[in-house]
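Everything below belongs to input32.cif, which stores mmCIF, C-alpha atoms.
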```cif
data_protein
loop_
_atom_site.label_atom_id
_atom_site.label_comp_id
_atom_site.auth_asym_id
_atom_site.auth_seq_id
_atom_site.Cartn_x
_atom_site.Cartn_y
_atom_site.Cartn_z
CA MET A 764 59.97 124.06 41.85
CA LYS A 765 58.88 126.69 39.32
CA VAL A 766 55.71 127.35 41.32
CA PHE A 767 57.79 127.72 44.49
CA ILE A 768 60.18 130.19 42.80
CA ASN A 769 57.24 132.23 41.51
CA PHE A 770 55.76 132.29 45.01
CA ILE A 771 59.03 133.54 46.54
CA THR A 772 59.34 136.17 43.80
CA LEU A 773 55.83 137.46 44.48
CA LEU A 774 56.50 137.44 48.22
CA LEU A 775 59.68 139.47 47.84
CA CYS A 776 57.91 141.88 45.51
CA SER A 777 55.17 142.35 48.09
CA ILE A 778 57.83 143.09 50.68
CA HIS A 779 59.35 145.68 48.34
CA TRP A 780 55.97 147.30 47.64
CA GLY A 781 55.25 147.39 51.38
CA MET A 782 58.57 149.03 52.07
CA ALA A 783 57.90 151.64 49.42
CA GLN A 784 55.06 152.86 51.64
CA VAL A 785 57.36 153.53 54.62
CA PRO A 786 57.05 157.26 55.38
CA ALA A 787 59.94 159.46 54.31
CA PRO A 788 62.20 160.70 57.11
CA ALA A 789 61.27 164.01 58.64
CA ASP A 790 62.88 167.26 57.55
CA ALA A 791 65.36 169.01 59.80
CA GLN A 792 63.79 171.20 62.47
CA GLY A 793 62.79 174.63 61.17
CA ASN A 794 61.24 176.99 63.68
CA PRO A 795 61.97 176.64 67.40
CA ILE A 796 59.36 174.49 69.18
CA LEU A 797 57.85 174.97 72.62
CA ILE A 798 55.84 172.18 74.26
CA THR A 799 53.99 173.49 77.26
CA GLY A 800 51.44 172.48 79.87
CA GLY A 801 52.29 168.78 80.06
CA THR A 802 53.87 166.60 82.73
CA ILE A 803 57.54 166.29 81.88
CA HIS A 804 59.29 163.08 82.91
CA VAL A 805 62.87 164.22 82.59
CA GLY A 806 64.34 160.72 82.69
CA ASN A 807 66.70 161.35 85.60
CA GLY A 808 64.00 161.05 88.26
CA GLU A 809 62.74 164.63 88.05
CA VAL A 810 59.15 165.47 87.11
CA PHE A 811 57.62 168.84 86.19
CA GLU A 812 53.84 168.65 86.56
CA ASN A 813 53.06 171.79 84.56
CA GLY A 814 56.21 171.94 82.54
CA ALA A 815 57.63 173.34 79.36
CA VAL A 816 60.38 172.14 77.06
CA ALA A 817 61.80 174.22 74.22
CA PHE A 818 64.22 173.18 71.51
CA ALA A 819 65.81 174.74 68.45
CA GLU A 820 68.02 173.25 65.73
CA GLY A 821 67.62 169.86 67.36
CA LYS A 822 68.90 170.89 70.81
CA ILE A 823 66.94 171.44 74.02
CA THR A 824 67.17 175.06 75.14
CA TYR A 825 64.82 175.01 78.14
CA VAL A 826 63.15 172.49 80.42
CA GLY A 827 61.35 173.28 83.64
CA GLU A 828 58.16 174.78 84.98
CA ALA A 829 55.99 176.41 82.31
CA ALA A 830 55.82 179.56 84.41
CA GLY A 831 59.61 179.82 84.28
CA PHE A 832 59.82 180.10 80.50
CA SER A 833 60.35 183.80 79.86
CA ALA A 834 61.30 183.95 76.16
CA ASP A 835 59.02 185.57 73.60
CA GLN A 836 56.76 182.75 72.37
CA SER A 837 55.85 184.51 69.12
CA SER A 838 58.90 183.01 67.39
CA TYR A 839 58.05 179.48 68.55
CA GLU A 840 55.76 176.80 67.22
CA VAL A 841 53.77 176.22 70.41
CA ILE A 842 52.33 172.79 71.18
CA ASP A 843 49.78 172.60 73.99
CA ALA A 844 50.36 169.36 75.91
CA SER A 845 47.97 170.06 78.78
CA GLY A 846 46.87 166.81 80.42
CA LYS A 847 49.52 164.87 78.52
CA HIS A 848 52.95 163.47 79.31
CA ILE A 849 56.37 164.22 77.80
CA TYR A 850 59.13 161.60 77.87
CA PRO A 851 62.69 161.23 76.58
CA GLY A 852 62.90 158.86 73.63
CA PHE A 853 63.14 155.27 74.82
CA ILE A 854 66.22 153.25 73.87
CA ILE A 855 66.19 149.56 72.93
CA PRO A 856 69.65 147.94 73.29
CA ASN A 857 70.75 144.57 71.90
CA THR A 858 68.26 144.30 69.06
CA THR A 859 68.33 142.96 65.51
CA LEU A 860 66.01 145.78 64.44
CA GLY A 861 66.83 146.75 60.87
CA LEU A 862 68.72 143.49 60.31
CA VAL A 863 65.70 141.17 60.10
CA GLU A 864 62.41 141.78 58.32
CA ILE A 865 60.75 138.37 57.90
CA GLY A 866 62.48 135.55 59.73
CA ALA A 867 61.18 132.87 57.35
CA VAL A 868 62.52 134.67 54.25
CA ASN A 869 66.31 134.43 54.11
CA ALA A 870 66.62 137.33 51.69
CA THR A 871 65.37 139.67 54.44
CA VAL A 872 67.64 138.30 57.19
CA ASP A 873 71.07 139.88 57.59
CA GLN A 874 71.76 139.43 61.30
CA ASN A 875 74.68 137.01 61.33
CA GLU A 876 77.77 136.00 59.41
CA ILE A 877 79.47 132.68 58.69
CA GLY A 878 82.11 131.81 61.26
CA ASN A 879 82.40 131.75 65.01
CA LEU A 880 84.69 134.69 65.83
CA ASN A 881 83.67 137.78 63.89
CA PRO A 882 84.54 140.95 65.86
CA ASN A 883 85.08 142.70 62.52
CA VAL A 884 81.48 142.17 61.39
CA ARG A 885 79.69 145.53 61.65
CA SER A 886 75.92 145.62 62.00
CA ILE A 887 75.66 149.25 60.88
CA ILE A 888 76.37 148.62 57.19
CA ALA A 889 73.53 146.06 57.07
CA TYR A 890 71.03 148.30 58.87
CA ASN A 891 67.88 148.75 56.77
CA THR A 892 66.25 152.12 57.40
CA ASP A 893 63.25 151.09 55.26
CA SER A 894 62.23 148.26 57.57
CA GLU A 895 58.49 148.15 58.25
CA ILE A 896 59.28 147.13 61.84
CA ILE A 897 60.95 150.43 62.69
CA PRO A 898 57.73 152.53 62.68
CA THR A 899 56.14 150.05 65.09
CA MET A 900 58.85 150.99 67.58
CA ARG A 901 58.34 154.72 67.14
CA PHE A 902 54.63 154.70 67.93
CA ASN A 903 55.45 153.16 71.32
CA GLY A 904 58.05 155.83 72.07
CA ILE A 905 61.19 153.85 71.13
CA LEU A 906 63.30 156.31 69.15
CA LEU A 907 66.85 154.91 69.48
CA ALA A 908 68.26 151.40 69.08
CA GLN A 909 71.50 149.51 69.44
CA THR A 910 71.41 147.32 66.36
CA THR A 911 73.33 144.14 67.18
CA PRO A 912 74.47 141.09 65.18
CA VAL A 913 73.88 137.58 66.50
CA GLY A 914 75.32 134.10 66.01
CA GLY A 915 78.66 132.53 66.88
CA ARG A 916 80.90 133.14 69.87
CA ILE A 917 81.65 136.72 68.84
CA PRO A 918 78.89 137.77 66.40
CA GLY A 919 80.33 141.22 65.72
CA THR A 920 80.11 144.89 66.57
CA SER A 921 76.93 146.87 67.23
CA SER A 922 76.11 150.52 66.51
CA ILE A 923 73.53 152.92 67.90
CA VAL A 924 71.01 154.47 65.51
CA GLY A 925 68.15 156.91 65.46
CA LEU A 926 64.93 155.38 64.14
CA ASP A 927 64.22 157.89 61.37
CA ALA A 928 66.74 158.20 58.55
CA TRP A 929 67.26 157.84 54.81
CA ASN A 930 70.20 155.45 55.14
CA TRP A 931 72.55 153.99 57.71
CA GLU A 932 74.96 156.90 57.37
CA ASP A 933 72.18 159.30 58.39
CA ALA A 934 70.90 156.97 61.12
CA VAL A 935 74.12 156.39 63.02
CA ILE A 936 74.49 158.05 66.42
CA LYS A 937 77.46 156.08 67.72
CA MET A 938 79.43 153.92 65.32
CA ASP A 939 80.79 150.54 66.44
CA ASP A 940 80.02 151.10 70.11
CA ALA A 941 80.51 147.54 71.41
CA VAL A 942 81.83 144.10 70.53
CA HIS A 943 79.43 141.33 71.59
CA LEU A 944 80.54 138.08 73.19
CA ASN A 945 78.30 135.05 73.76
CA TRP A 946 79.96 133.54 76.81
CA PRO A 947 80.38 129.73 76.64
CA GLY A 948 78.61 128.11 79.57
CA ARG A 949 79.71 124.99 81.36
CA TYR A 950 76.16 123.81 80.87
CA LYS A 951 73.64 124.39 78.11
CA TYR A 952 69.92 123.92 77.65
CA GLU A 953 68.54 121.48 75.08
CA PHE A 954 64.96 121.03 73.99
CA ASP A 955 63.69 117.45 74.12
CA TYR A 956 61.08 116.95 71.40
CA SER A 957 60.00 113.61 72.87
CA ASP A 958 58.39 115.19 75.92
CA PHE A 959 58.66 118.93 75.04
CA SER A 960 60.90 119.63 78.03
CA VAL A 961 64.07 121.69 78.38
CA LYS A 962 67.00 119.85 79.90
CA ARG A 963 70.24 121.19 81.34
CA VAL A 964 73.20 119.23 79.99
CA LYS A 965 76.96 119.57 80.32
CA ASN A 966 78.77 121.51 77.60
CA ASP A 967 81.54 119.10 76.56
CA LYS A 968 83.16 121.78 74.39
CA TYR A 969 83.51 124.39 77.14
CA GLU A 970 87.30 124.12 77.55
CA GLU A 971 87.81 124.20 73.79
CA GLN A 972 85.59 127.27 73.45
CA LEU A 973 87.36 129.08 76.29
CA LYS A 974 90.76 128.28 74.76
CA GLU A 975 89.56 129.76 71.48
CA LEU A 976 88.63 133.01 73.21
CA ASN A 977 91.93 133.19 75.09
CA GLU A 978 93.84 132.78 71.86
CA LEU A 979 91.89 135.57 70.18
CA PHE A 980 92.33 138.06 73.05
CA SER A 981 96.01 137.13 73.46
CA ASP A 982 96.57 137.64 69.74
CA ALA A 983 94.83 141.01 69.98
CA GLN A 984 97.18 142.09 72.78
CA SER A 985 100.23 141.02 70.76
CA TYR A 986 98.88 142.71 67.66
CA ALA A 987 98.32 145.97 69.57
CA SER A 988 101.92 145.99 70.80
CA GLN A 989 103.40 145.78 67.30
CA SER A 990 104.54 149.04 65.75
CA ALA A 991 104.63 147.71 62.21
CA LYS A 992 102.13 145.01 61.41
CA LYS A 993 100.25 143.43 58.54
CA GLU A 994 96.61 144.43 58.82
CA ASN A 995 94.31 141.79 60.32
CA LEU A 996 90.65 142.83 60.26
CA LYS A 997 89.60 140.64 63.17
CA LEU A 998 92.38 141.88 65.42
CA GLU A 999 91.91 145.49 64.29
CA ALA A 1000 88.30 145.27 65.49
CA MET A 1001 89.53 144.07 68.89
CA LEU A 1002 91.86 147.03 69.48
CA GLY A 1003 89.02 149.27 70.65
CA LEU A 1004 88.38 146.88 73.54
CA LEU A 1005 91.96 147.15 74.74
CA ASP A 1006 92.19 150.95 74.64
CA GLY A 1007 88.67 151.61 76.01
CA LYS A 1008 87.17 153.04 72.84
CA LYS A 1009 84.72 150.14 72.59
CA ALA A 1010 82.74 148.27 75.21
CA LEU A 1011 82.53 144.52 75.56
CA HIS A 1012 78.93 143.36 75.98
CA ILE A 1013 78.96 139.86 77.43
CA HIS A 1014 75.80 137.85 76.82
CA VAL A 1015 75.55 135.52 79.79
CA ASP A 1016 72.77 134.41 82.14
CA ASP A 1017 74.13 131.88 84.62
CA ALA A 1018 75.86 132.95 87.83
CA LYS A 1019 79.06 130.96 87.29
CA GLY A 1020 79.31 132.25 83.74
CA ILE A 1021 78.99 135.84 84.96
CA ILE A 1022 81.85 135.33 87.44
CA GLU A 1023 84.08 133.61 84.89
CA SER A 1024 83.44 136.21 82.20
CA ILE A 1025 84.29 139.08 84.57
CA GLN A 1026 87.53 137.34 85.58
CA PHE A 1027 88.31 136.81 81.90
CA THR A 1028 87.93 140.51 81.06
CA LYS A 1029 90.10 141.55 84.02
CA LYS A 1030 92.81 139.22 82.74
CA TYR A 1031 92.96 141.17 79.48
CA GLY A 1032 92.40 144.63 80.92
CA ILE A 1033 89.06 145.28 79.23
CA GLN A 1034 87.86 148.62 80.62
CA LYS A 1035 84.23 148.90 79.53
CA ILE A 1036 81.99 145.92 80.24
CA ALA A 1037 78.26 145.27 80.38
CA ILE A 1038 76.36 142.08 81.14
CA VAL A 1039 73.55 141.34 78.69
CA GLY A 1040 70.88 138.87 79.86
CA GLY A 1041 71.89 138.57 83.50
CA GLU A 1042 69.16 136.18 84.57
CA GLU A 1043 71.14 135.03 87.62
CA ALA A 1044 72.87 138.37 88.25
CA LEU A 1045 71.31 138.65 91.70
CA LEU A 1046 73.13 135.50 92.83
CA VAL A 1047 76.51 137.13 92.12
CA LYS A 1048 75.59 140.72 92.90
CA ASP A 1049 78.70 141.34 94.98
CA ILE A 1050 81.21 140.75 92.17
CA ILE A 1051 79.07 142.82 89.79
CA LYS A 1052 78.98 145.71 92.28
CA GLU A 1053 82.66 145.37 93.11
CA ASN A 1054 83.57 145.82 89.45
CA ASN A 1055 80.89 148.48 88.79
CA ILE A 1056 79.39 146.52 85.89
CA PRO A 1057 75.94 147.44 84.54
CA VAL A 1058 73.35 144.85 83.51
CA LEU A 1059 71.13 145.01 80.43
CA LEU A 1060 68.40 142.72 81.74
CA SER A 1061 66.60 140.67 79.09
CA ASP A 1062 63.04 139.40 78.88
CA VAL A 1063 61.20 140.72 81.93
CA HIS A 1064 57.98 139.14 80.59
CA ARG A 1065 58.82 135.48 81.10
CA LEU A 1066 58.63 132.65 83.59
CA PRO A 1067 61.64 131.85 85.81
CA ASN A 1068 63.95 129.06 84.64
CA ARG A 1069 64.96 127.99 88.14
CA PRO A 1070 62.21 125.84 89.73
CA GLU A 1071 62.93 127.15 93.24
CA GLU A 1072 62.36 130.81 92.25
CA ASP A 1073 59.16 132.78 92.79
CA VAL A 1074 56.97 132.77 89.73
CA ASP A 1075 57.19 136.57 89.58
CA MET A 1076 60.99 136.71 89.97
CA PRO A 1077 61.58 138.07 86.41
CA TYR A 1078 59.14 140.91 87.16
CA LYS A 1079 60.85 142.00 90.36
CA LEU A 1080 64.45 141.32 89.33
CA PRO A 1081 64.97 144.89 88.01
CA TYR A 1082 63.98 146.26 91.42
CA LEU A 1083 66.11 143.76 93.33
CA LEU A 1084 69.21 144.61 91.28
CA HIS A 1085 68.49 148.34 91.53
CA LYS A 1086 68.15 148.00 95.33
CA GLU A 1087 71.65 146.51 95.40
CA GLY A 1088 73.04 149.58 93.62
CA ILE A 1089 73.52 147.92 90.23
CA LYS A 1090 72.79 150.02 87.15
CA VAL A 1091 70.10 148.27 85.12
CA GLY A 1092 68.78 148.76 81.61
CA LEU A 1093 66.06 146.69 79.97
CA THR A 1094 66.03 144.89 76.65
CA TYR A 1095 64.31 141.98 74.90
CA ASN A 1096 65.73 139.24 72.68
CA SER A 1097 62.92 139.15 70.11
CA VAL A 1098 62.91 142.04 67.65
CA THR A 1099 59.14 141.93 67.18
CA ASN A 1100 58.45 141.98 70.92
CA SER A 1101 60.96 144.78 71.49
CA ARG A 1102 58.19 147.27 70.75
CA ASN A 1103 56.81 146.35 74.20
CA LEU A 1104 59.90 147.78 75.93
CA PRO A 1105 57.95 150.51 77.80
CA PHE A 1106 55.57 147.89 79.18
CA PHE A 1107 58.48 145.83 80.52
CA ALA A 1108 59.43 148.94 82.49
CA GLY A 1109 55.81 149.31 83.55
CA THR A 1110 55.82 145.76 84.88
CA ALA A 1111 59.01 146.47 86.82
CA ALA A 1112 57.30 149.54 88.28
CA GLY A 1113 54.50 147.28 89.50
CA TYR A 1114 57.00 145.07 91.32
CA GLY A 1115 58.96 147.43 93.52
CA LEU A 1116 60.35 150.23 91.37
CA SER A 1117 58.96 153.74 91.28
CA LYS A 1118 57.68 154.86 87.88
CA GLU A 1119 60.59 157.26 87.44
CA GLU A 1120 63.20 154.63 88.33
CA ALA A 1121 61.56 152.22 85.88
CA LEU A 1122 61.65 154.96 83.23
CA LYS A 1123 65.39 155.41 83.76
CA MET A 1124 65.90 151.75 82.83
CA ILE A 1125 64.73 152.44 79.28
CA SER A 1126 66.13 155.95 78.98
CA LEU A 1127 68.99 157.48 80.99
CA ASN A 1128 70.38 154.25 82.48
CA THR A 1129 70.55 152.65 79.04
CA ALA A 1130 72.08 155.80 77.56
CA GLU A 1131 74.79 155.73 80.22
CA ILE A 1132 75.49 152.04 79.64
CA LEU A 1133 75.78 152.67 75.87
CA GLY A 1134 77.92 155.77 76.33
CA ILE A 1135 75.52 158.29 74.77
CA SER A 1136 74.15 159.97 77.90
CA GLU A 1137 75.80 163.32 77.14
CA GLN A 1138 73.24 163.81 74.39
CA PHE A 1139 70.44 161.29 74.92
CA GLY A 1140 68.42 159.56 77.64
CA SER A 1141 66.90 162.57 79.40
CA ILE A 1142 65.21 165.89 78.67
CA GLU A 1143 67.84 168.38 79.79
CA SER A 1144 69.12 171.69 78.41
CA GLY A 1145 71.90 171.24 75.88
CA LYS A 1146 70.95 167.66 75.05
CA ASN A 1147 69.60 166.33 71.78
CA ALA A 1148 65.86 166.96 71.39
CA THR A 1149 64.78 163.32 71.13
CA LEU A 1150 61.48 163.05 72.98
CA PHE A 1151 57.77 162.37 72.56
CA ILE A 1152 54.32 163.38 73.78
CA SER A 1153 51.97 160.68 75.06
CA GLY A 1154 48.28 161.02 75.84
CA GLY A 1155 48.82 159.10 79.07
CA ASP A 1156 51.27 156.98 81.03
CA ALA A 1157 53.72 155.66 78.45
CA LEU A 1158 54.68 152.69 80.66
CA ASP A 1159 51.08 151.45 80.61
CA MET A 1160 49.62 149.98 77.41
CA ARG A 1161 46.36 151.78 78.16
CA GLY A 1162 48.06 155.15 78.40
CA ASN A 1163 50.82 154.82 75.82
CA LEU A 1164 49.27 156.95 73.09
CA VAL A 1165 52.16 158.64 71.34
CA GLU A 1166 50.85 161.73 69.57
CA LYS A 1167 54.09 163.42 68.50
CA ALA A 1168 57.70 162.26 68.47
CA PHE A 1169 60.87 164.18 67.77
CA ILE A 1170 64.31 162.81 66.90
CA SER A 1171 66.97 165.51 66.97
CA GLY A 1172 64.16 168.03 66.88
CA ARG A 1173 62.61 166.53 63.72
CA ASN A 1174 58.88 165.79 63.91
CA VAL A 1175 58.85 162.14 62.79
CA GLU A 1176 55.99 160.25 61.16
CA LEU A 1177 54.26 157.87 63.56
CA ASN A 1178 52.00 155.95 61.21
CA ALA A 1179 53.14 152.43 60.40
CA MET A 1180 51.67 149.76 58.13
CA GLN A 1181 49.12 148.87 60.82
CA GLN A 1182 47.70 152.39 60.94
CA ARG A 1183 47.67 152.66 57.17
CA LEU A 1184 45.70 149.43 56.84
CA TYR A 1185 43.33 150.51 59.61
CA LYS A 1186 42.54 153.75 57.81
CA LYS A 1187 42.22 151.99 54.47
CA TYR A 1188 39.63 149.47 55.63
CA LYS A 1189 37.89 151.89 57.96
CA ALA A 1190 37.22 154.10 54.96
CA LYS A 1191 35.95 151.12 52.97
CA TYR A 1192 33.41 149.97 55.54
CA GLU A 1193 32.32 153.45 56.52
CA ALA A 1194 31.46 153.99 52.88
CA GLY A 1195 29.49 150.73 52.90
CA LYS A 1196 31.53 149.20 50.08
#
```
As structure tokens, please, write out the structure in this file.
Amino acid sequence: MKVFINFITLLLCSIHWGMAQVPAPADAQGNPILITGGTIHVGNGEVFENGAVAFAEGKITYVGEAAGFSADQSSYEVIDASGKHIYPGFIIPNTTLGLVEIGAVNATVDQNEIGNLNPNVRSIIAYNTDSEIIPTMRFNGILLAQTTPVGGRIPGTSSIVGLDAWNWEDAVIKMDDAVHLNWPGRYKYEFDYSDFSVKRVKNDKYEEQLKELNELFSDAQSYASQSAKKENLKLEAMLGLLDGKKALHIHVDDAKGIIESIQFTKKYGIQKIAIVGGEEALLVKDIIKENNIPVLLSDVHRLPNRPEEDVDMPYKLPYLLHKEGIKVGLTYNSVTNSRNLPFFAGTAAGYGLSKEEALKMISLNTAEILGISEQFGSIESGKNATLFISGGDALDMRGNLVEKAFISGRNVELNAMQQRLYKKYKAKYEAGK
């Protein structure tokens, strides 16, 4: 036991020492910056082949053709992006980024809370800005995240953060944006260790779980109607759903569950809804369209779970939903694989979508779904200067070579632990040591 304790102590110390090497957040923007000569992918479908984007004090002041920029460039820091591409910062929704560092070490896991109904649990106060995983997102162009708790029927409330900050107070972009609900399915999947298969079995607790949710939402309605009331933290957290200040993000994949969850929210007058997961959303596209509900589609890089589906159905599902007029954003359940978000969009572009429509699914579409599109999601005048320069096509792993990234106009550090180790050992072997 003593040896084990010493091992854990050394492991945690190594984590601390590694975190101490995380680059300091960038300083606030000083001089105005002009990026010129590159191909600008605005994020709303527009493209400027020989474009220019200027920003000052963290706000975009010009975007368009380079020839159309008429201001005196002597006061600008000019960056030549000829032959390169400029993109809005990508956004990863529904992620435990900053809440989990090493899954096997409990001391670094702060993604869930004890209990089944925890709308009052707020991910933002647990968000760790010193996570070594955060820089690995930035060097793929992911500059914003919706950090989200997991576990239980209602795991808690998410917040949206910028991925370069000293602490969670500095990081926050939109506080407590959505309450998350894991919808109880009539069926569930169980892994059979005897033959390593996944079996679909009936959920015997479905009615009990649904009753539990009805009681909570009914209590929240009653609580909201009281003029004088004793404070209840769980019900206080639910009030934002009833008055439209918060969204309800329903995590559900199966078609029947999608229908039932939509009917449930209509019963309680929930105004802002998004489906997260949505594996079978195409089967119930009409009710989704009728209620104007967006879908944050999870795990494009996977095999289909329905044996009758085409093997490439997950790849083309973003296009098929988009073709039906449904607003789609992309996400991924695993925090470590979330760094591949741009390549999920690239895959979708290879299966029906245009490159610019695929880009919208990780930029402007997601910003609109999360309620931050007035400032983020596209490179437009007046918006926040959160963008990056790539040496090539950022939706292709061969072209995604992020050279500079800006969050609110601040030139953020792109090197992560991987780059630091590469340089360290490159120097060693070049010197012949």
Open item on the list: For the provided coordinates, the residues matched by the PyMOL selection byres ((chain A and resi 1104) around 8) should be stated as a ChimeraX atom specification.
Closed with: /A:855,905,1093-1095,1100-1103,1105-1108,1125
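Closest approach to Lys1030 in chain A from the set A:Tyr1185, A:Phe853, A:Trp946, A:Phe980 is made by A:Phe980, with distances taken over all atoms listed in the file.
Among the candidates A:Pro882, A:Pro856, A:Gly1162, A:Gly948, the residue lying nearest to Leu1060 in chain A is A:Pro856 (atoms considered: only C-alpha atoms).
Distance annotation: of A:Ile1142, A:Ile1170, A:Leu1004, A:Ala1157, the residue with the minimal separation from Val816 in chain A is A:Ile1142; atom set is all atoms listed in the file.
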Task: A:Ser1136, A:Gln984, A:Asn857, A:Ser845 ranked by distance to Ala1037 in chain A, top pick (using all atoms listed in the file) - done: A:Asn857
Since fewer atoms than expected are present, regenerate N, CA and C atoms for range 1136-1156 of chain A and write them as an mmCIF file, in the coordinates of the input.
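Ended up saving to out.cif:
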```cif
data_model
loop_
_atom_site.group_PDB
_atom_site.id
_atom_site.type_symbol
_atom_site.label_atom_id
_atom_site.label_comp_id
_atom_site.auth_asym_id
_atom_site.auth_seq_id
_atom_site.Cartn_x
_atom_site.Cartn_y
_atom_site.Cartn_z
ATOM 1 N N SER A 1136 74.968 159.191 76.967
ATOM 2 C CA SER A 1136 74.150 159.970 77.900
ATOM 3 C C SER A 1136 74.432 161.466 77.856
ATOM 4 N N GLU A 1137 75.541 161.882 77.256
ATOM 5 C CA GLU A 1137 75.800 163.320 77.140
ATOM 6 C C GLU A 1137 74.782 163.995 76.233
ATOM 7 N N GLN A 1138 74.188 163.234 75.334
ATOM 8 C CA GLN A 1138 73.240 163.810 74.390
ATOM 9 C C GLN A 1138 71.844 163.206 74.461
ATOM 10 N N PHE A 1139 71.718 161.990 74.969
ATOM 11 C CA PHE A 1139 70.440 161.290 74.920
ATOM 12 C C PHE A 1139 70.093 160.700 76.300
ATOM 13 N N GLY A 1140 68.840 160.272 76.442
ATOM 14 C CA GLY A 1140 68.420 159.560 77.640
ATOM 15 C C GLY A 1140 67.623 160.393 78.623
ATOM 16 N N SER A 1141 67.665 161.712 78.504
ATOM 17 C CA SER A 1141 66.900 162.570 79.400
ATOM 18 C C SER A 1141 66.607 163.894 78.711
ATOM 19 N N ILE A 1142 65.603 164.591 79.233
ATOM 20 C CA ILE A 1142 65.210 165.890 78.670
ATOM 21 C C ILE A 1142 65.887 166.971 79.505
ATOM 22 N N GLU A 1143 67.064 167.386 79.067
ATOM 23 C CA GLU A 1143 67.840 168.380 79.790
ATOM 24 C C GLU A 1143 68.420 169.392 78.817
ATOM 25 N N SER A 1144 68.593 170.622 79.269
ATOM 26 C CA SER A 1144 69.120 171.690 78.410
ATOM 27 C C SER A 1144 70.480 171.298 77.853
ATOM 28 N N GLY A 1145 70.652 171.556 76.550
ATOM 29 C CA GLY A 1145 71.900 171.240 75.880
ATOM 30 C C GLY A 1145 71.926 169.879 75.229
ATOM 31 N N LYS A 1146 70.986 169.002 75.630
ATOM 32 C CA LYS A 1146 70.950 167.660 75.050
ATOM 33 C C LYS A 1146 70.164 167.645 73.744
ATOM 34 N N ASN A 1147 70.321 166.551 73.030
ATOM 35 C CA ASN A 1147 69.600 166.330 71.780
ATOM 36 C C ASN A 1147 68.099 166.255 72.050
ATOM 37 N N ALA A 1148 67.317 166.923 71.209
ATOM 38 C CA ALA A 1148 65.860 166.960 71.390
ATOM 39 C C ALA A 1148 65.228 165.702 70.794
ATOM 40 N N THR A 1149 65.397 164.588 71.507
ATOM 41 C CA THR A 1149 64.780 163.320 71.130
ATOM 42 C C THR A 1149 63.798 162.960 72.239
ATOM 43 N N LEU A 1150 62.517 163.168 71.957
ATOM 44 C CA LEU A 1150 61.480 163.050 72.980
ATOM 45 C C LEU A 1150 60.129 162.839 72.316
ATOM 46 N N PHE A 1151 59.105 162.567 73.132
ATOM 47 C CA PHE A 1151 57.770 162.370 72.560
ATOM 48 C C PHE A 1151 56.693 162.794 73.539
ATOM 49 N N ILE A 1152 55.503 163.014 72.990
ATOM 50 C CA ILE A 1152 54.320 163.380 73.780
ATOM 51 C C ILE A 1152 53.360 162.190 73.763
ATOM 52 N N SER A 1153 52.931 161.776 74.954
ATOM 53 C CA SER A 1153 51.970 160.680 75.060
ATOM 54 C C SER A 1153 50.688 161.180 75.705
ATOM 55 N N GLY A 1154 49.559 160.639 75.269
ATOM 56 C CA GLY A 1154 48.280 161.020 75.840
ATOM 57 C C GLY A 1154 48.110 160.579 77.271
ATOM 58 N N GLY A 1155 48.915 159.610 77.703
ATOM 59 C CA GLY A 1155 48.820 159.100 79.070
ATOM 60 C C GLY A 1155 50.136 158.518 79.518
ATOM 61 N N ASP A 1156 50.082 157.630 80.482
ATOM 62 C CA ASP A 1156 51.270 156.980 81.030
ATOM 63 C C ASP A 1156 51.890 156.079 79.975
#
```
